[in-house]
>>> print(open('run-v9.pdb').read())   # PDB, C-alpha atoms
ATOM      1  CA  MET A 105       4.731   2.493  17.014
ATOM      2  CA  CYS A 106       5.324  -1.226  16.589
ATOM      3  CA  GLY A 107       6.908  -3.005  13.651
ATOM      4  CA  ALA A 108       7.485  -6.645  12.760
ATOM      5  CA  VAL A 109      10.257  -8.636  14.405
ATOM      6  CA  PHE A 110      11.516 -12.096  13.365
ATOM      7  CA  GLY A 111      13.800 -14.301  15.396
ATOM      8  CA  GLN A 112      14.718 -17.793  16.503
ATOM      9  CA  GLN A 113      12.239 -19.091  19.101
ATOM     10  CA  GLU A 114      13.728 -22.425  20.172
ATOM     11  CA  THR A 115      16.533 -22.667  22.698
ATOM     12  CA  GLN A 116      19.949 -23.899  21.551
ATOM     13  CA  PHE A 117      22.674 -25.791  23.389
ATOM     14  CA  SER A 118      26.351 -25.831  22.435
ATOM     15  CA  GLN A 119      26.813 -29.475  23.546
ATOM     16  CA  TYR A 120      24.431 -30.904  20.946
ATOM     17  CA  TYR A 121      27.005 -33.622  20.162
ATOM     18  CA  SER A 122      26.464 -35.163  23.624
ATOM     19  CA  ASN A 123      22.673 -35.511  23.387
ATOM     20  CA  PRO A 124      21.264 -35.337  19.824
ATOM     21  CA  TYR A 125      17.972 -36.754  21.130
ATOM     22  CA  PHE A 126      17.257 -33.335  22.694
ATOM     23  CA  PHE A 127      16.414 -31.851  19.291
ATOM     24  CA  ASN A 128      15.697 -34.986  17.227
ATOM     25  CA  PRO A 129      13.206 -37.638  18.447
ATOM     26  CA  ALA A 130      14.754 -40.224  16.096
ATOM     27  CA  ALA A 131      18.209 -39.905  17.719
ATOM     28  CA  GLY A 132      17.386 -41.801  20.915
ATOM     29  CA  GLY A 133      18.281 -45.417  21.582
ATOM     30  CA  LEU A 134      21.411 -45.449  19.441
ATOM     31  CA  THR A 135      23.133 -47.661  22.000
ATOM     32  CA  LYS A 136      21.777 -50.644  23.947
ATOM     33  CA  THR A 137      21.547 -48.665  27.170
ATOM     34  CA  THR A 138      18.984 -46.470  28.880
ATOM     35  CA  GLN A 139      20.156 -42.854  29.038
ATOM     36  CA  PHE A 140      19.044 -39.839  31.046
ATOM     37  CA  ASP A 141      20.429 -36.345  30.436
ATOM     38  CA  PHE A 142      20.093 -32.978  32.147
ATOM     39  CA  GLY A 143      21.218 -29.689  30.630
ATOM     40  CA  PHE A 144      21.443 -26.114  31.923
ATOM     41  CA  ARG A 145      22.457 -22.975  29.996
ATOM     42  CA  ARG A 146      22.791 -19.480  31.462
ATOM     43  CA  GLN A 147      23.638 -16.569  29.169
ATOM     44  CA  TRP A 148      25.003 -13.074  29.938
ATOM     45  CA  LEU A 149      25.015 -13.346  33.724
ATOM     46  CA  ASN A 150      25.166  -9.631  34.535
ATOM     47  CA  ILE A 151      22.237  -8.641  32.309
ATOM     48  CA  GLU A 152      18.819  -8.608  33.973
ATOM     49  CA  GLY A 153      16.343 -10.944  32.301
ATOM     50  CA  SER A 154      19.044 -12.857  30.382
ATOM     51  CA  PRO A 155      18.103 -16.275  28.960
ATOM     52  CA  ILE A 156      18.000 -19.308  31.247
ATOM     53  CA  SER A 157      17.354 -22.740  29.716
ATOM     54  CA  PHE A 158      16.978 -26.156  31.333
ATOM     55  CA  TYR A 159      16.065 -29.591  30.017
ATOM     56  CA  ALA A 160      15.753 -33.173  31.230
ATOM     57  CA  SER A 161      15.447 -36.088  28.820
ATOM     58  CA  GLY A 162      15.472 -39.873  28.795
ATOM     59  CA  HIS A 163      15.251 -42.589  26.134
ATOM     60  CA  SER A 164      15.644 -46.326  25.739
ATOM     61  CA  GLU A 165      15.049 -49.167  23.322
ATOM     62  CA  VAL A 166      11.982 -51.230  24.309
ATOM     63  CA  ARG A 167      10.752 -54.707  23.414
ATOM     64  CA  PHE A 168       7.337 -55.332  21.886
ATOM     65  CA  GLY A 169       5.598 -58.651  21.395
ATOM     66  CA  LYS A 170       7.334 -61.971  22.044
ATOM     67  CA  SER A 171      10.821 -60.942  21.017
ATOM     68  CA  LYS A 172      13.469 -62.516  23.262
ATOM     69  CA  SER A 173      16.315 -60.213  22.266
ATOM     70  CA  GLU A 174      17.827 -58.077  24.998
ATOM     71  CA  VAL A 175      17.137 -54.358  24.615
ATOM     72  CA  ILE A 176      19.680 -53.362  27.264
ATOM     73  CA  GLU A 177      23.088 -55.011  27.110
ATOM     74  CA  GLU A 178      25.839 -55.391  29.653
ATOM     75  CA  PHE A 179      27.490 -52.055  30.329
ATOM     76  CA  ASN A 180      30.790 -51.216  32.023
ATOM     77  CA  ILE A 181      31.190 -54.838  33.088
ATOM     78  CA  ASP A 182      34.594 -54.160  34.668
ATOM     79  CA  ARG A 183      33.002 -51.501  36.904
ATOM     80  CA  GLU A 184      35.517 -48.862  35.852
ATOM     81  CA  SER A 185      35.086 -45.514  37.552
ATOM     82  CA  VAL A 186      36.063 -43.699  34.336
ATOM     83  CA  TYR A 187      34.384 -45.845  31.687
ATOM     84  CA  ALA A 188      34.293 -46.053  27.883
ATOM     85  CA  THR A 189      31.316 -44.566  26.053
ATOM     86  CA  PRO A 190      28.824 -47.295  24.947
ATOM     87  CA  GLU A 191      29.046 -48.190  21.267
ATOM     88  CA  LYS A 192      26.144 -47.767  18.869
ATOM     89  CA  ARG A 193      24.088 -50.896  18.213
ATOM     90  CA  ILE A 194      23.827 -51.781  14.521
ATOM     91  CA  GLY A 195      21.740 -54.761  13.479
ATOM     92  CA  ALA A 196      18.115 -55.771  14.006
ATOM     93  CA  ALA A 197      15.256 -53.277  13.911
ATOM     94  CA  LYS A 198      14.339 -51.671  17.226
ATOM     95  CA  HIS A 199      11.649 -49.579  18.912
ATOM     96  CA  VAL A 200      12.680 -46.575  21.000
ATOM     97  CA  ILE A 201      10.593 -44.500  23.401
ATOM     98  CA  GLY A 202      11.604 -41.351  25.232
ATOM     99  CA  GLY A 203      10.540 -38.088  26.758
ATOM    100  CA  LYS A 204      11.865 -34.676  27.693
ATOM    101  CA  MET A 205      11.006 -31.600  29.676
ATOM    102  CA  ILE A 206      12.179 -28.111  28.682
ATOM    103  CA  SER A 207      12.012 -24.802  30.535
ATOM    104  CA  ASP A 208      13.159 -21.648  28.749
ATOM    105  CA  GLN A 209      13.021 -18.088  30.134
ATOM    106  CA  ILE A 210      14.082 -14.772  28.627
ATOM    107  CA  GLY A 211      13.032 -11.461  30.168
ATOM    108  CA  PRO A 212       9.364 -11.662  31.174
ATOM    109  CA  PHE A 213       8.652 -14.515  28.725
ATOM    110  CA  MET A 214       8.745 -18.204  29.617
ATOM    111  CA  LYS A 215       7.998 -21.443  27.811
ATOM    112  CA  ASN A 216       7.671 -24.886  29.400
ATOM    113  CA  SER A 217       7.198 -28.118  27.477
ATOM    114  CA  ILE A 218       6.683 -31.805  28.184
ATOM    115  CA  MET A 219       7.070 -34.124  25.193
ATOM    116  CA  ALA A 220       6.927 -37.895  24.628
ATOM    117  CA  SER A 221       8.436 -39.625  21.616
ATOM    118  CA  TYR A 222       8.491 -42.882  19.670
ATOM    119  CA  ALA A 223      11.027 -43.937  17.050
ATOM    120  CA  TYR A 224      11.523 -46.968  14.844
ATOM    121  CA  HIS A 225      15.039 -47.884  13.711
ATOM    122  CA  LEU A 226      15.480 -50.269  10.804
ATOM    123  CA  ARG A 227      18.548 -51.755   9.219
ATOM    124  CA  PHE A 228      19.499 -49.727   6.145
ATOM    125  CA  THR A 229      22.664 -51.530   5.051
ATOM    126  CA  GLU A 230      24.897 -54.125   6.696
ATOM    127  CA  LYS A 231      26.637 -51.438   8.763
ATOM    128  CA  THR A 232      24.096 -48.591   8.959
ATOM    129  CA  MET A 233      20.697 -47.881  10.528
ATOM    130  CA  LEU A 234      17.869 -45.465   9.708
ATOM    131  CA  GLY A 235      15.660 -44.057  12.454
ATOM    132  CA  LEU A 236      12.275 -42.337  12.065
ATOM    133  CA  GLY A 237      10.880 -40.504  15.100
ATOM    134  CA  LEU A 238       7.821 -38.516  16.138
ATOM    135  CA  SER A 239       7.315 -36.462  19.289
ATOM    136  CA  GLY A 240       4.218 -34.754  20.681
ATOM    137  CA  GLY A 241       3.131 -33.091  23.870
ATOM    138  CA  TRP A 242       2.132 -30.021  25.811
ATOM    139  CA  SER A 243       3.735 -26.579  25.739
ATOM    140  CA  ASN A 244       2.886 -23.501  27.751
ATOM    141  CA  PHE A 245       3.971 -19.993  26.770
ATOM    142  CA  GLY A 246       3.348 -17.100  29.123
ATOM    143  CA  ILE A 247       4.360 -13.784  30.650
ATOM    144  CA  ASN A 248       5.814 -13.532  34.152
ATOM    145  CA  SER A 249       4.083 -10.405  35.429
ATOM    146  CA  SER A 250       6.612  -9.964  38.266
ATOM    147  CA  ARG A 251       9.289  -9.212  35.630
ATOM    148  CA  VAL A 252       7.265  -6.539  33.797
ATOM    149  CA  ILE A 253       7.852  -2.874  34.685
ATOM    150  CA  LEU A 254       5.280  -0.424  33.331
ATOM    151  CA  HIS A 255       6.556   2.923  32.126
ATOM    152  CA  ASP A 256       3.131   4.378  32.931
ATOM    153  CA  GLU A 257       1.931   2.873  36.199
ATOM    154  CA  ASP A 258      -1.553   4.282  35.534
ATOM    155  CA  ASP A 259      -2.039   2.009  32.507
ATOM    156  CA  ILE A 260      -4.979   0.216  34.132
ATOM    157  CA  GLU A 261      -5.911  -1.995  31.170
ATOM    158  CA  TYR A 262      -2.399  -3.386  30.802
ATOM    159  CA  ALA A 263      -2.023  -3.847  34.544
ATOM    160  CA  ASN A 264      -5.280  -5.820  34.613
ATOM    161  CA  PHE A 265      -4.059  -7.940  31.720
ATOM    162  CA  LEU A 266      -0.887  -8.876  33.599
ATOM    163  CA  THR A 267      -2.795  -9.848  36.744
ATOM    164  CA  ARG A 268      -4.894 -12.370  34.812
ATOM    165  CA  ASN A 269      -3.779 -15.754  33.499
ATOM    166  CA  SER A 270      -1.391 -14.429  30.828
ATOM    167  CA  ASN A 271      -0.371 -17.712  29.197
ATOM    168  CA  GLN A 272      -1.319 -20.128  26.440
ATOM    169  CA  ASN A 273      -1.372 -23.936  26.340
ATOM    170  CA  ILE A 274      -0.733 -25.616  22.984
ATOM    171  CA  PHE A 275      -0.255 -29.106  21.573
ATOM    172  CA  ASP A 276       3.132 -29.316  19.891
ATOM    173  CA  VAL A 277       4.560 -31.842  17.397
ATOM    174  CA  LYS A 278       8.140 -32.602  16.347
ATOM    175  CA  ALA A 279       9.563 -35.138  13.893
ATOM    176  CA  GLY A 280      12.999 -36.344  12.852
ATOM    177  CA  ILE A 281      15.115 -38.705  10.758
ATOM    178  CA  THR A 282      18.485 -40.119  11.837
ATOM    179  CA  PHE A 283      20.980 -42.079   9.745
ATOM    180  CA  TYR A 284      23.907 -43.616  11.609
ATOM    181  CA  GLY A 285      26.679 -46.169  11.723
ATOM    182  CA  GLU A 286      29.302 -47.144  14.266
ATOM    183  CA  LYS A 287      31.380 -43.989  13.671
ATOM    184  CA  PHE A 288      28.919 -41.396  12.322
ATOM    185  CA  THR A 289      25.499 -39.870  12.970
ATOM    186  CA  LEU A 290      23.444 -37.598  10.671
ATOM    187  CA  GLY A 291      20.005 -36.199  11.391
ATOM    188  CA  VAL A 292      17.315 -33.759  10.259
ATOM    189  CA  SER A 293      14.347 -32.696  12.383
ATOM    190  CA  GLY A 294      11.552 -30.155  12.522
ATOM    191  CA  THR A 295       9.998 -28.525  15.583
ATOM    192  CA  GLN A 296       6.762 -26.591  16.210
ATOM    193  CA  LEU A 297       5.344 -28.253  13.104
ATOM    194  CA  LEU A 298       1.738 -27.168  13.769
ATOM    195  CA  GLU A 299       2.677 -23.462  13.688
ATOM    196  CA  ASN A 300       0.171 -22.565  16.398
ATOM    197  CA  GLY A 301      -0.874 -18.942  16.577
ATOM    198  CA  LEU A 302      -0.066 -16.955  19.731
ATOM    199  CA  ILE A 303      -3.187 -16.194  21.784
ATOM    200  CA  ILE A 304      -2.668 -14.837  25.308
ATOM    201  CA  ASP A 305      -5.661 -14.279  27.586
ATOM    202  CA  GLU A 306      -8.015 -14.373  24.575
ATOM    203  CA  VAL A 307      -5.959 -11.683  22.829
ATOM    204  CA  VAL A 308      -5.249 -12.914  19.287
ATOM    205  CA  THR A 309      -1.845 -11.703  18.090
ATOM    206  CA  GLN A 310      -0.194 -11.772  14.672
ATOM    207  CA  SER A 311       2.614 -13.925  16.085
ATOM    208  CA  GLN A 312       2.950 -17.684  15.766
ATOM    209  CA  PHE A 313       5.198 -20.513  16.885
ATOM    210  CA  GLY A 314       7.169 -20.872  13.664
ATOM    211  CA  ARG A 315       8.560 -24.109  12.281
ATOM    212  CA  HIS A 316      12.266 -24.703  12.889
ATOM    213  CA  LEU A 317      14.526 -26.902  10.772
ATOM    214  CA  LEU A 318      17.500 -28.513  12.481
ATOM    215  CA  ALA A 319      20.274 -30.567  10.902
ATOM    216  CA  PHE A 320      23.340 -32.072  12.544
ATOM    217  CA  GLY A 321      26.177 -34.442  11.781
ATOM    218  CA  MET A 322      29.286 -35.949  13.375
ATOM    219  CA  TYR A 323      31.953 -38.449  12.316
ATOM    220  CA  GLU A 324      34.644 -40.011  14.488
ATOM    221  CA  PHE A 325      38.089 -40.532  12.927
ATOM    222  CA  GLU A 326      40.380 -42.857  14.859
ATOM    223  CA  LEU A 327      43.950 -41.547  15.073
ATOM    224  CA  SER A 328      45.255 -44.375  17.267
ATOM    225  CA  ASN A 329      44.047 -46.868  19.848
ATOM    226  CA  GLU A 330      43.651 -44.051  22.354
ATOM    227  CA  TYR A 331      42.894 -40.881  20.386
ATOM    228  CA  SER A 332      40.199 -39.897  17.897
ATOM    229  CA  VAL A 333      38.829 -36.678  16.387
ATOM    230  CA  GLU A 334      35.113 -36.080  15.828
ATOM    231  CA  PRO A 335      34.166 -33.137  13.558
ATOM    232  CA  HIS A 336      30.549 -32.027  13.999
ATOM    233  CA  PHE A 337      28.078 -29.391  12.826
ATOM    234  CA  MET A 338      24.659 -28.048  13.758
ATOM    235  CA  LEU A 339      22.299 -25.932  11.623
ATOM    236  CA  GLN A 340      19.170 -24.222  12.955
ATOM    237  CA  ALA A 341      16.838 -22.311  10.647
ATOM    238  CA  ILE A 342      13.497 -20.506  10.872
ATOM    239  CA  GLY A 343      11.836 -18.414   8.180
ATOM    240  CA  ASN A 344      12.748 -14.716   7.984
ATOM    241  CA  ALA A 345      15.581 -15.033  10.520
ATOM    242  CA  PRO A 346      19.342 -15.523  10.073
ATOM    243  CA  LEU A 347      20.688 -19.071  10.042
ATOM    244  CA  SER A 348      22.440 -20.347  13.135
ATOM    245  CA  PHE A 349      25.336 -22.530  11.998
ATOM    246  CA  ASN A 350      27.780 -24.157  14.377
ATOM    247  CA  MET A 351      30.767 -26.304  13.417
ATOM    248  CA  GLY A 352      33.688 -27.681  15.379
ATOM    249  CA  ALA A 353      35.470 -30.810  16.531
ATOM    250  CA  ARG A 354      36.003 -32.924  19.619
ATOM    251  CA  VAL A 355      39.231 -34.639  20.583
ATOM    252  CA  ILE A 356      38.320 -37.906  22.345
ATOM    253  CA  VAL A 357      40.794 -39.740  24.566
ATOM    254  CA  LYS A 358      40.297 -43.467  25.277
ATOM    255  CA  ASP A 359      36.532 -43.022  24.643
ATOM    256  CA  ARG A 360      36.412 -41.551  28.152
ATOM    257  CA  TYR A 361      37.469 -37.893  28.004
ATOM    258  CA  TRP A 362      36.864 -35.184  25.410
ATOM    259  CA  GLY A 363      37.675 -31.583  24.664
ATOM    260  CA  ASN A 364      35.713 -29.464  22.185
ATOM    261  CA  LEU A 365      36.360 -26.339  20.119
ATOM    262  CA  ALA A 366      33.624 -24.895  17.887
ATOM    263  CA  TYR A 367      32.516 -21.696  16.161
ATOM    264  CA  ARG A 368      28.958 -20.418  15.769
ATOM    265  CA  PHE A 369      29.184 -18.166  12.718
ATOM    266  CA  GLY A 370      28.653 -14.507  13.483
ATOM    267  CA  ASP A 371      28.052 -15.217  17.151
ATOM    268  CA  ALA A 372      30.496 -17.052  19.383
ATOM    269  CA  ILE A 373      33.494 -19.333  19.885
ATOM    270  CA  ASN A 374      32.706 -22.309  22.093
ATOM    271  CA  VAL A 375      35.142 -24.332  24.196
ATOM    272  CA  GLY A 376      34.173 -27.318  26.293
ATOM    273  CA  PHE A 377      35.262 -30.533  27.927
ATOM    274  CA  GLY A 378      33.720 -33.625  29.474
ATOM    275  CA  MET A 379      34.267 -37.134  30.746
ATOM    276  CA  ASN A 380      32.515 -40.331  31.813
ATOM    277  CA  VAL A 381      32.776 -40.628  35.590
ATOM    278  CA  ALA A 382      31.617 -42.635  38.630
ATOM    279  CA  GLY A 383      30.730 -45.748  36.664
ATOM    280  CA  ASN A 384      27.476 -44.453  35.158
ATOM    281  CA  PHE A 385      27.624 -40.637  34.913
ATOM    282  CA  ARG A 386      28.647 -38.289  32.094
ATOM    283  CA  PHE A 387      29.656 -34.698  32.694
ATOM    284  CA  GLY A 388      30.149 -31.853  30.228
ATOM    285  CA  TYR A 389      30.837 -28.127  30.443
ATOM    286  CA  ALA A 390      30.906 -25.460  27.705
ATOM    287  CA  TYR A 391      31.717 -21.745  27.630
ATOM    288  CA  ASP A 392      30.924 -19.256  24.860
ATOM    289  CA  PHE A 393      33.161 -16.311  23.941
ATOM    290  CA  SER A 394      31.423 -13.539  22.021
ATOM    291  CA  ALA A 395      32.748 -13.323  18.449
ATOM    292  CA  GLY A 396      29.976 -11.575  16.500
ATOM    293  CA  GLN A 397      29.064  -8.036  15.527
ATOM    294  CA  VAL A 398      27.016  -7.723  18.696
ATOM    295  CA  GLN A 399      29.540  -7.463  21.529
ATOM    296  CA  ARG A 400      27.928  -8.339  24.827
ATOM    297  CA  ILE A 401      28.504  -6.439  28.038
ATOM    298  CA  ASN A 402      29.401  -9.674  29.773
ATOM    299  CA  ASN A 403      30.682 -12.723  27.895
ATOM    300  CA  SER A 404      29.701 -15.181  30.619
ATOM    301  CA  VAL A 405      27.710 -17.871  28.840
ATOM    302  CA  HIS A 406      27.887 -21.130  30.779
ATOM    303  CA  GLU A 407      26.443 -24.526  29.935
ATOM    304  CA  LEU A 408      26.393 -27.713  32.001
ATOM    305  CA  MET A 409      25.378 -31.253  31.027
ATOM    306  CA  LEU A 410      24.969 -34.286  33.283
ATOM    307  CA  GLY A 411      24.060 -37.730  31.973
ATOM    308  CA  TYR A 412      23.311 -41.102  33.550
ATOM    309  CA  VAL A 413      23.704 -44.403  31.680
ATOM    310  CA  ILE A 414      22.027 -47.673  32.717
ATOM    311  CA  GLY A 415      22.964 -51.126  31.436
ATOM    312  CA  ASN A 416      22.410 -54.707  32.564
ATOM    313  CA  ASN A 417      24.556 -56.162  35.318
ATOM    314  CA  ARG A 418      27.046 -58.776  34.216
ATOM    315  CA  ASN A 419      25.520 -62.263  34.267
ATOM    316  CA  VAL A 420      28.428 -64.109  35.867
ATOM    317  CA  GLU A 421      26.333 -67.240  36.596
ATOM    318  CA  LYS A 422      25.428 -67.601  32.912
ATOM    319  CA  GLU A 423      29.048 -67.105  31.839
ATOM    320  CA  LEU A 424      30.254 -69.856  34.202
ATOM    321  CA  LYS A 425      27.530 -72.216  32.987
ATOM    322  CA  ASP A 426      28.442 -71.551  29.323
TER     323      ASP A 426
END
>>> encode(input="run-v9.pdb", output="structure tokens")
Amino acid sequence: MCGAVFGQQETQFSQYYSNPYFFNPAAGGLTKTTQFDFGFRRQWLNIEGSPISFYASGHSEVRFGKSKSEVIEEFNIDRESVYATPEKRIGAAKHVIGGKMISDQIGPFMKNSIMASYAYHLRFTEKTMLGLGLSGGWSNFGINSSRVILHDEDDIEYANFLTRNSNQNIFDVKAGITFYGEKFTLGVSGTQLLENGLIIDEVVTQSQFGRHLLAFGMYEFELSNEYSVEPHFMLQAIGNAPLSFNMGARVIVKDRYWGNLAYRFGDAINVGFGMNVAGNFRFGYAYDFSAGQVQRINNSVHELMLGYVIGNNRNVEKELKD
């Protein structure tokens, strides 16, 4: 017998505060730098077929037409090894392009995606900006036959199905809105907006790639010249499945180091830390402790993030001339 099952389909990362562009195409290009980010999440290490998620993303403001304004400003001009996080750029309207690649595996199922995005940021008030973004691209969902074990090895029809091309290619669309200022960022986005039906090897199923709604926010409160606290939250929702709601706070030291403590309701407590290192790199690590009704056999849920920030070199010749 087979019944109906509903669940979240999109991968989630605990360090959403470090790269909001990952889930919102309008959240790229907040600073006048080019940024690349890589994320890896491995859940429940000792359980066979446990989820493994990886992503790579990049985004930057670009210049169209005859505009002479710089889209990438000087960054880390003192060449500090441990550098301060770039500030958000508030002011003139800007165009932002980006892209990301995602690979998500759980059990015999795998989904790979390549998406490109465009966003337009316009001045909303004197000290705030509003960004509108759209993302589209290719996604592939399939079954890894090497991870499927048949209870009845004589099931010829199913065995033949697994030996064929058991995957589906779809065109996927995402959209988002981001509202931000120097100290805060708020955003709402939707994924899998086309709600494609699941068809594997010409077998039409009753399943579909359901729309997801994601909302996030963060605000940095300065406690002193060196310390600040940044509360943040993340909401993920899909029809007929429980909400995933995460809230917590980061303690930021000198805009260079941070420590994070958060709680995902009914699921896990998350602790993490990170820093800006080696002049251009960002590093972050997070660990989840099980705190829900479902107690896992192994609580090892690890997440790594590595970022790379590019800015213009300091124009010493121009400074001397001025």
>>> closest_atom_pairs(input="run-v9.pdb", of="segment 285-403 of chain A", to="segment 109-119 of chain A", cutoff="12 Å", atoms="all atoms listed in the file", output="JSON lines")
{"residue": "A:Gly294", "atom": "CA", "partner": "A:Glu114", "partner_atom": "CA", "distance": 11.1}
{"residue": "A:Thr295", "atom": "CA", "partner": "A:Glu114", "partner_atom": "CA", "distance": 8.5}
{"residue": "A:Gln296", "atom": "CA", "partner": "A:Glu114", "partner_atom": "CA", "distance": 9.0}
{"residue": "A:Glu299", "atom": "CA", "partner": "A:Gln113", "partner_atom": "CA", "distance": 11.8}
{"residue": "A:Gln310", "atom": "CA", "partner": "A:Val109", "partner_atom": "CA", "distance": 10.9}
{"residue": "A:Ser311", "atom": "CA", "partner": "A:Val109", "partner_atom": "CA", "distance": 9.4}
{"residue": "A:Gln312", "atom": "CA", "partner": "A:Gln113", "partner_atom": "CA", "distance": 10.0}
{"residue": "A:Phe313", "atom": "CA", "partner": "A:Gln113", "partner_atom": "CA", "distance": 7.5}
{"residue": "A:Gly314", "atom": "CA", "partner": "A:Gln113", "partner_atom": "CA", "distance": 7.6}
{"residue": "A:Arg315", "atom": "CA", "partner": "A:Gln113", "partner_atom": "CA", "distance": 9.2}
{"residue": "A:His316", "atom": "CA", "partner": "A:Glu114", "partner_atom": "CA", "distance": 7.8}
{"residue": "A:Leu317", "atom": "CA", "partner": "A:Glu114", "partner_atom": "CA", "distance": 10.4}
{"residue": "A:Leu318", "atom": "CA", "partner": "A:Gln116", "partner_atom": "CA", "distance": 10.5}
{"residue": "A:Phe320", "atom": "CA", "partner": "A:Gln119", "partner_atom": "CA", "distance": 11.8}
{"residue": "A:His336", "atom": "CA", "partner": "A:Gln119", "partner_atom": "CA", "distance": 10.6}
{"residue": "A:Phe337", "atom": "CA", "partner": "A:Ser118", "partner_atom": "CA", "distance": 10.4}
{"residue": "A:Met338", "atom": "CA", "partner": "A:Ser118", "partner_atom": "CA", "distance": 9.1}
{"residue": "A:Leu339", "atom": "CA", "partner": "A:Gln116", "partner_atom": "CA", "distance": 10.4}
{"residue": "A:Gln340", "atom": "CA", "partner": "A:Gln112", "partner_atom": "CA", "distance": 8.6}
{"residue": "A:Ala341", "atom": "CA", "partner": "A:Gln112", "partner_atom": "CA", "distance": 7.7}
{"residue": "A:Ile342", "atom": "CA", "partner": "A:Gln112", "partner_atom": "CA", "distance": 6.4}
{"residue": "A:Gly343", "atom": "CA", "partner": "A:Phe110", "partner_atom": "CA", "distance": 8.2}
{"residue": "A:Asn344", "atom": "CA", "partner": "A:Phe110", "partner_atom": "CA", "distance": 6.1}
{"residue": "A:Ala345", "atom": "CA", "partner": "A:Gly111", "partner_atom": "CA", "distance": 5.2}
{"residue": "A:Pro346", "atom": "CA", "partner": "A:Gly111", "partner_atom": "CA", "distance": 7.8}
{"residue": "A:Leu347", "atom": "CA", "partner": "A:Gln112", "partner_atom": "CA", "distance": 8.9}
{"residue": "A:Ser348", "atom": "CA", "partner": "A:Gln112", "partner_atom": "CA", "distance": 8.8}
{"residue": "A:Phe349", "atom": "CA", "partner": "A:Ser118", "partner_atom": "CA", "distance": 11.0}
{"residue": "A:Asn350", "atom": "CA", "partner": "A:Ser118", "partner_atom": "CA", "distance": 8.4}
{"residue": "A:Met351", "atom": "CA", "partner": "A:Ser118", "partner_atom": "CA", "distance": 10.1}
{"residue": "A:Gly352", "atom": "CA", "partner": "A:Ser118", "partner_atom": "CA", "distance": 10.3}
{"residue": "A:Ala353", "atom": "CA", "partner": "A:Gln119", "partner_atom": "CA", "distance": 11.2}
{"residue": "A:Arg354", "atom": "CA", "partner": "A:Gln119", "partner_atom": "CA", "distance": 10.6}
{"residue": "A:Trp362", "atom": "CA", "partner": "A:Gln119", "partner_atom": "CA", "distance": 11.7}
{"residue": "A:Gly363", "atom": "CA", "partner": "A:Gln119", "partner_atom": "CA", "distance": 11.1}
{"residue": "A:Asn364", "atom": "CA", "partner": "A:Gln119", "partner_atom": "CA", "distance": 9.0}
{"residue": "A:Leu365", "atom": "CA", "partner": "A:Ser118", "partner_atom": "CA", "distance": 10.3}
{"residue": "A:Ala366", "atom": "CA", "partner": "A:Ser118", "partner_atom": "CA", "distance": 8.6}
{"residue": "A:Tyr367", "atom": "CA", "partner": "A:Ser118", "partner_atom": "CA", "distance": 9.7}
{"residue": "A:Arg368", "atom": "CA", "partner": "A:Ser118", "partner_atom": "CA", "distance": 9.0}
{"residue": "A:Asp371", "atom": "CA", "partner": "A:Ser118", "partner_atom": "CA", "distance": 12.0}
{"residue": "A:Ala372", "atom": "CA", "partner": "A:Ser118", "partner_atom": "CA", "distance": 10.2}
{"residue": "A:Ile373", "atom": "CA", "partner": "A:Ser118", "partner_atom": "CA", "distance": 10.0}
{"residue": "A:Asn374", "atom": "CA", "partner": "A:Ser118", "partner_atom": "CA", "distance": 7.3}
{"residue": "A:Val375", "atom": "CA", "partner": "A:Ser118", "partner_atom": "CA", "distance": 9.1}
{"residue": "A:Gly376", "atom": "CA", "partner": "A:Gln119", "partner_atom": "CA", "distance": 8.1}
{"residue": "A:Phe377", "atom": "CA", "partner": "A:Gln119", "partner_atom": "CA", "distance": 9.6}
{"residue": "A:Gly378", "atom": "CA", "partner": "A:Gln119", "partner_atom": "CA", "distance": 10.0}
{"residue": "A:Phe387", "atom": "CA", "partner": "A:Gln119", "partner_atom": "CA", "distance": 10.9}
{"residue": "A:Gly388", "atom": "CA", "partner": "A:Gln119", "partner_atom": "CA", "distance": 7.8}
{"residue": "A:Tyr389", "atom": "CA", "partner": "A:Gln119", "partner_atom": "CA", "distance": 8.1}
{"residue": "A:Ala390", "atom": "CA", "partner": "A:Ser118", "partner_atom": "CA", "distance": 7.0}
{"residue": "A:Tyr391", "atom": "CA", "partner": "A:Ser118", "partner_atom": "CA", "distance": 8.5}
{"residue": "A:Asp392", "atom": "CA", "partner": "A:Ser118", "partner_atom": "CA", "distance": 8.4}
{"residue": "A:Phe393", "atom": "CA", "partner": "A:Ser118", "partner_atom": "CA", "distance": 11.8}
>>> closest_residue(input="run-v9.pdb", among="A:Gly132, A:Gly285, A:Pro190, A:Gly107", to="Glu324 of chain A", atoms="all atoms listed in the file")
A:Gly285
>>> resolve_selection(input="run-v9.pdb", expression="the PyMOL selection byres ((chain A and resi 249-261) around 9)", output="list in words")
Gly153, Gly211, Pro212, Phe213, Ile247, Asn248, Tyr262, Ala263, Asn264, Phe265, Leu266, Thr267 and Ser270 of chain A
>>> closest_residue(input="run-v9.pdb", among="A:Pro124, A:Gly415, A:Gly143, A:Gly133", to="Ile206 of chain A", atoms="all atoms listed in the file")
A:Gly143
>>> resolve_selection(input="run-v9.pdb", expression="the PyMOL selection byres ((chain A and resi 134) around 9)", output="number ranges by chain")
A: 131-133, 135-137, 164-165, 191-194, 200, 225, 284
>>> write_last_selection(input="run-v9.pdb", atoms="C-alpha atoms", output="compact mmCIF listing (two decimals), keeping the file's coordinate frame")
# COMPACT_ATOMS: atom_id res chain seq x y z
CA ALA A 131 18.21 -39.90 17.72
CA GLY A 132 17.39 -41.80 20.92
CA GLY A 133 18.28 -45.42 21.58
CA THR A 135 23.13 -47.66 22.00
CA LYS A 136 21.78 -50.64 23.95
CA THR A 137 21.55 -48.66 27.17
CA SER A 164 15.64 -46.33 25.74
CA GLU A 165 15.05 -49.17 23.32
CA GLU A 191 29.05 -48.19 21.27
CA LYS A 192 26.14 -47.77 18.87
CA ARG A 193 24.09 -50.90 18.21
CA ILE A 194 23.83 -51.78 14.52
CA VAL A 200 12.68 -46.58 21.00
CA HIS A 225 15.04 -47.88 13.71
CA TYR A 284 23.91 -43.62 11.61
